[in-house]
Amino acid sequence: MSDLLSIGASGISAYKTALSAISDNVANSETPGFARRGTTQREQVASLPMHATYRPGTVFSGTQITSITRAYDQFRDQEVHAASAESGRAEVRAKWLETAENALDDSDYGVGARITAFYNAADTLAADPGNQMPRRAFLNALDETAAAFRTTAQGLARTADGISKDAQASVDTVNGTIDALAKLNIALLRSDPGTASHASLLDQRDKLVDEVSQHLDVDASFGQNGTVTLKLARNKLSSLVEGPISNPIAVAQAANGQLTLFASVDGGTQTVALPGGKIGGLIDVAATVADRRASLDAIAADFATTINTWSAGGIDTAGNPGQPLMTIGAAGASSLTLAVTDPDAVPAASTDGTTVTANGNLLALQGLRAGGAEDRMAALIAGHAQLTASARTEADVTGTRRDSALSSRDEITGIDLDREAAELIRFQQAYNGSARIIQVARETMQSILDLF
């Protein structure tokens with residue numbers, strides 16, 4: 001005869017564990033990274049004693065929880081990693097391209113508007129070349145143009161520095177996370193699969209991998225006891241985490257602000273192309289900003305050369321050949337300055353060798369305007385604005401994909417309180433049923449004892 005007391009006791013123990021799993025689910029329904037817990041249950045059997053006239057066999061002797069399970073879908077997890085990497089890349093590109101757009105400044109105080117104001121001041125002076133007021137206004141407009149170039153160059157330089165600091169912060173975050181993953185691998189190897197503590201370690205593992213995937217495009221594979229191996233998606237030779245070993249990454253900034261990522265490969269370091277994620281986006285936008293700075297420097301240098309060449313072709317109020325009006329150093333646009341402050345030094349006049357035209361050189365200046373710094377600056381700003389708008393759209397699209405991937409994964413790993421309430425009732429009834437078995441066994445034994 002089966003042992004009713006043991007059967008009842010096994011039920012109470014099993015359903016207590018199941019109820020505990022449900023209570024964990026309810027308590028952590030809003031906890032990020034917590035995957036739904038469940039239980040695996042099976043019947044307990046007892047062997048019949050060997051007897052000469054009977055074959056050996058087994059009888060039911062209760063139930064038991066064999067393991068605490070954890071909701072998980074590797075495919076949906078990989079989709080979250082890929083979508084997070086894409087979204088992270090797109091978001092930082094949009095953010096820093098907008099910052100660069102602000103630095104380029106298409107307002108009335110930007111380079112383009114200041115160049116236009118300079119040419120307008122030249123027109124005004126051409127109408128009255130002997131007046132000191134428009135001469136001063138001409139030099140002031142040229143000085144403001146140089147100041148706008150310097151301000152824009154400094155703004156782009158600050159943008160490049162901000163991108164570099166953001167990239168270093170991301171690299172530090174990744175290095176700290178992969179170090180934690182390596183230590184977590186050790187803990188996973190030492191833990192017993194199927195226990196609540198092991199499930200908690202797996203939650204931490206997935207949360208850390210999610211964090212890395214925001215900064216880099218990675219591939220995760222799993223080994224004994226759920227240990228993780230993490231590699232760069234486009235460079236499988238570069239292992240970020242393998243067992244208890246983590247291989248840190250590094251980023252370096254060039255003089256022009258461009259960034260390069262380095263990873264460990266075969267005991268050495270190697271540059272990483274297209275790393276994806278936030279770091280990949282920062283490397284990409286750093287290159288774009290470096291290109292904008294180079295273009296601005298080229299426009300500033302050409303503008304200074306154009307103005308100085310024009311000045312040399314005219315004569316000032318004293319009849320002397322025009323002197324250079326602008327200076328620019330090796331630092332490019334950030335070093336562009338006005339070289340003349342005397343209004344009489346403005347080379348407004350021109351001569352054909354016999355006749356002096358008071359505004360002849362100013363009239364020639366307008367012929368240098370088409371296709372010059374003004375048009376090139378407008379094209380630079382328009383091109384960057386178009387790129388920024390495209391980046392914003394990409395950020396919206398990839399953000400939607402990431403949210404969809406997270407929602408899809410939550411359908412598997414998330415907590416549905418209605419479902420938990422139904423499971424709670426089911427296991428409570430089972431628990432009460434097991435308690436009733438013990439009570440019936442006790443009453444039966446007492447009835448048997450009462451016969452004597």
# chains A, B, ... in the order shown; residues from 1 in each chain; ligands from 1

$ select_by_dssp --residues "segment 287-335 of chain A" --states "alpha helix (DSSP H)" --output "ChimeraX atom specification"
/A:287-312

$ closest_atom_pairs --of "segment 71-160 of chain A" --to "segment 331-342 of chain A" --cutoff "12 Å" --atoms "only C-alpha atoms" --output "Markdown table"
| residue | atom | partner | partner_atom | distance |
| --- | --- | --- | --- | --- |
| A:Val111 | CA | A:Ala333 | CA | 10.7 |
| A:Gln132 | CA | A:Asp342 | CA | 10.0 |
| A:Met133 | CA | A:Asp342 | CA | 11.8 |
| A:Arg135 | CA | A:Asp342 | CA | 9.0 |
| A:Arg136 | CA | A:Asp342 | CA | 8.1 |
| A:Ala137 | CA | A:Thr341 | CA | 11.0 |
| A:Phe138 | CA | A:Thr341 | CA | 10.4 |
| A:Leu139 | CA | A:Thr341 | CA | 7.0 |
| A:Asn140 | CA | A:Thr341 | CA | 8.8 |
| A:Ala141 | CA | A:Leu338 | CA | 10.1 |
| A:Leu142 | CA | A:Leu338 | CA | 7.1 |
| A:Asp143 | CA | A:Leu338 | CA | 5.4 |
| A:Glu144 | CA | A:Leu338 | CA | 8.9 |
| A:Thr145 | CA | A:Thr337 | CA | 9.0 |
| A:Ala146 | CA | A:Thr337 | CA | 5.5 |
| A:Ala147 | CA | A:Thr337 | CA | 7.3 |
| A:Ala148 | CA | A:Ala333 | CA | 9.2 |
| A:Phe149 | CA | A:Ala333 | CA | 5.6 |
| A:Arg150 | CA | A:Ser334 | CA | 4.1 |
| A:Thr151 | CA | A:Ser334 | CA | 7.3 |
| A:Thr152 | CA | A:Ser334 | CA | 8.0 |
| A:Ala153 | CA | A:Ser334 | CA | 5.3 |
| A:Gln154 | CA | A:Ser334 | CA | 6.5 |
| A:Gly155 | CA | A:Ser334 | CA | 9.8 |
| A:Leu156 | CA | A:Ser334 | CA | 10.1 |
| A:Ala157 | CA | A:Ser334 | CA | 9.4 |

$ closest_residue --among "A:Glu98, A:Gly110, A:Trp310, A:Leu274" --to "Gly367 of chain A" --atoms "only C-alpha atoms"
A:Trp310

$ residues_around --residues "Gly314 of chain A" --least-positions-apart "4" --cutoff "9 Å" --atoms "only C-alpha atoms" --output "list in words"
Trp310, Asn320, Pro321, Gly322, Gln323, Val346, Pro347, Ala348, Ala349, Ser350, Thr351, Gly360, Asn361 and Leu362 of chain A

$ atom_distance --atom1 "atom CA of Ile328 of chain A" --atom2 "atom CA of Gly313 of chain A"
19.6 Å

$ atom_distance --atom1 "atom CA of Ile438 of chain A" --atom2 "atom CA of Gly11 of chain A"
9.7 Å

$ atom_distance --atom1 "atom CA of Pro32 of chain A" --atom2 "atom CA of Ser87 of chain A"
18.9 Å

$ select_by_dssp --residues "segment 96-233 of chain A" --states "strand (DSSP E)" --output "JSON, numbers by chain"
{"A": [218, 219, 220, 221, 222, 228, 229, 230, 231, 232]}

$ residues_around --residues "Gly8 of chain A" --least-positions-apart "6" --cutoff "10 Å" --atoms "only C-alpha atoms" --output "list in words"
Ala14, Ser61, Gly62, Thr63, Tyr431, Asn432, Gly433, Ser434, Ala435, Arg436, Ile437, Ile438, Gln439, Val440 and Ala441 of chain A

$ closest_atom_pairs --of "segment 256-326 of chain A" --to "segment 158-166 of chain A" --cutoff "7 Å" --atoms "only C-alpha atoms" --output "tab-separated table"
residue	atom	partner	partner_atom	distance
A:Gly257	CA	A:Ala160	CA	5.5
A:Leu282	CA	A:Ile163	CA	6.3
A:Ala286	CA	A:Ala160	CA	6.3
A:Val289	CA	A:Ala160	CA	6.6

$ write_last_selection --atoms "N, CA and C atoms" --output "PDB file, in the first residue's frame"
ATOM      1  N   GLY A 257      40.076  64.251 -35.246  1.00  0.00           N
ATOM      2  CA  GLY A 257      38.871  63.834 -34.524  1.00  0.00           C
ATOM      3  C   GLY A 257      38.333  62.482 -34.906  1.00  0.00           C
ATOM      4  N   LEU A 282      29.284  56.234 -33.283  1.00  0.00           N
ATOM      5  CA  LEU A 282      30.187  57.326 -32.899  1.00  0.00           C
ATOM      6  C   LEU A 282      31.396  57.392 -33.828  1.00  0.00           C
ATOM      7  N   ALA A 286      32.028  60.585 -36.147  1.00  0.00           N
ATOM      8  CA  ALA A 286      33.313  61.275 -35.956  1.00  0.00           C
ATOM      9  C   ALA A 286      33.978  61.528 -37.310  1.00  0.00           C
ATOM     10  N   VAL A 289      32.084  64.442 -39.009  1.00  0.00           N
ATOM     11  CA  VAL A 289      32.449  65.743 -38.446  1.00  0.00           C
ATOM     12  C   VAL A 289      33.859  66.137 -38.880  1.00  0.00           C
TER      13      VAL A 289
END

$ decode --residues "segment 395-415 of chain A" --atoms "N, CA, C and O atoms" --output "mmCIF file, in the first residue's frame"
data_model
loop_
_atom_site.group_PDB
_atom_site.id
_atom_site.type_symbol
_atom_site.label_atom_id
_atom_site.label_comp_id
_atom_site.auth_asym_id
_atom_site.auth_seq_id
_atom_site.Cartn_x
_atom_site.Cartn_y
_atom_site.Cartn_z
ATOM 1 N N ALA A 395 16.906 56.708 -37.116
ATOM 2 C CA ALA A 395 16.794 56.497 -35.670
ATOM 3 C C ALA A 395 15.360 56.118 -35.287
ATOM 4 O O ALA A 395 15.141 55.245 -34.432
ATOM 5 N N ASP A 396 14.374 56.759 -35.909
ATOM 6 C CA ASP A 396 12.971 56.435 -35.626
ATOM 7 C C ASP A 396 12.639 55.008 -36.056
ATOM 8 O O ASP A 396 11.989 54.254 -35.317
ATOM 9 N N VAL A 397 13.109 54.638 -37.248
ATOM 10 C CA VAL A 397 12.792 53.304 -37.776
ATOM 11 C C VAL A 397 13.454 52.218 -36.937
ATOM 12 O O VAL A 397 12.813 51.223 -36.552
ATOM 13 N N THR A 398 14.741 52.380 -36.642
ATOM 14 C CA THR A 398 15.449 51.362 -35.860
ATOM 15 C C THR A 398 14.953 51.320 -34.423
ATOM 16 O O THR A 398 14.950 50.254 -33.802
ATOM 17 N N GLY A 399 14.535 52.461 -33.896
ATOM 18 C CA GLY A 399 13.954 52.461 -32.553
ATOM 19 C C GLY A 399 12.661 51.668 -32.507
ATOM 20 O O GLY A 399 12.396 50.941 -31.540
ATOM 21 N N THR A 400 11.856 51.793 -33.564
ATOM 22 C CA THR A 400 10.615 51.021 -33.644
ATOM 23 C C THR A 400 10.915 49.527 -33.726
ATOM 24 O O THR A 400 10.240 48.706 -33.086
ATOM 25 N N ARG A 401 11.927 49.170 -34.523
ATOM 26 C CA ARG A 401 12.294 47.760 -34.640
ATOM 27 C C ARG A 401 12.780 47.216 -33.296
ATOM 28 O O ARG A 401 12.426 46.098 -32.898
ATOM 29 N N ARG A 402 13.581 47.998 -32.582
ATOM 30 C CA ARG A 402 14.064 47.557 -31.269
ATOM 31 C C ARG A 402 12.901 47.359 -30.306
ATOM 32 O O ARG A 402 12.844 46.348 -29.603
ATOM 33 N N ASP A 403 11.981 48.320 -30.270
ATOM 34 C CA ASP A 403 10.828 48.192 -29.371
ATOM 35 C C ASP A 403 9.995 46.966 -29.724
ATOM 36 O O ASP A 403 9.479 46.276 -28.835
ATOM 37 N N SER A 404 9.855 46.694 -31.023
ATOM 38 C CA SER A 404 9.104 45.521 -31.450
ATOM 39 C C SER A 404 9.804 44.237 -31.021
ATOM 40 O O SER A 404 9.143 43.276 -30.572
ATOM 41 N N ALA A 405 11.135 44.208 -31.142
ATOM 42 C CA ALA A 405 11.888 43.023 -30.732
ATOM 43 C C ALA A 405 11.781 42.801 -29.226
ATOM 44 O O ALA A 405 11.621 41.667 -28.760
ATOM 45 N N LEU A 406 11.836 43.889 -28.467
ATOM 46 C CA LEU A 406 11.707 43.772 -27.009
ATOM 47 C C LEU A 406 10.314 43.286 -26.632
ATOM 48 O O LEU A 406 10.155 42.448 -25.735
ATOM 49 N N SER A 407 9.301 43.809 -27.319
ATOM 50 C CA SER A 407 7.928 43.386 -27.039
ATOM 51 C C SER A 407 7.740 41.910 -27.372
ATOM 52 O O SER A 407 7.070 41.176 -26.630
ATOM 53 N N SER A 408 8.343 41.477 -28.497
ATOM 54 C CA SER A 408 8.235 40.067 -28.890
ATOM 55 C C SER A 408 8.893 39.162 -27.857
ATOM 56 O O SER A 408 8.367 38.093 -27.521
ATOM 57 N N ARG A 409 10.036 39.580 -27.343
ATOM 58 C CA ARG A 409 10.705 38.765 -26.326
ATOM 59 C C ARG A 409 9.912 38.752 -25.026
ATOM 60 O O ARG A 409 9.840 37.724 -24.331
ATOM 61 N N ASP A 410 9.304 39.883 -24.698
ATOM 62 C CA ASP A 410 8.514 39.952 -23.465
ATOM 63 C C ASP A 410 7.302 39.026 -23.497
ATOM 64 O O ASP A 410 6.797 38.620 -22.444
ATOM 65 N N GLU A 411 6.832 38.725 -24.706
ATOM 66 C CA GLU A 411 5.722 37.780 -24.798
ATOM 67 C C GLU A 411 6.117 36.414 -24.241
ATOM 68 O O GLU A 411 5.259 35.655 -23.772
ATOM 69 N N ILE A 412 7.397 36.102 -24.317
ATOM 70 C CA ILE A 412 7.894 34.826 -23.800
ATOM 71 C C ILE A 412 8.374 34.957 -22.364
ATOM 72 O O ILE A 412 8.016 34.153 -21.497
ATOM 73 N N THR A 413 9.184 35.984 -22.117
ATOM 74 C CA THR A 413 9.850 36.084 -20.811
ATOM 75 C C THR A 413 9.111 36.974 -19.825
ATOM 76 O O THR A 413 9.400 36.941 -18.629
ATOM 77 N N GLY A 414 8.179 37.792 -20.313
ATOM 78 C CA GLY A 414 7.509 38.742 -19.441
ATOM 79 C C GLY A 414 6.494 38.096 -18.509
ATOM 80 O O GLY A 414 6.128 36.922 -18.648
ATOM 81 N N ILE A 415 6.027 38.891 -17.564
ATOM 82 C CA ILE A 415 5.082 38.416 -16.546
ATOM 83 C C ILE A 415 3.681 38.919 -16.878
ATOM 84 O O ILE A 415 3.461 40.123 -17.020
#
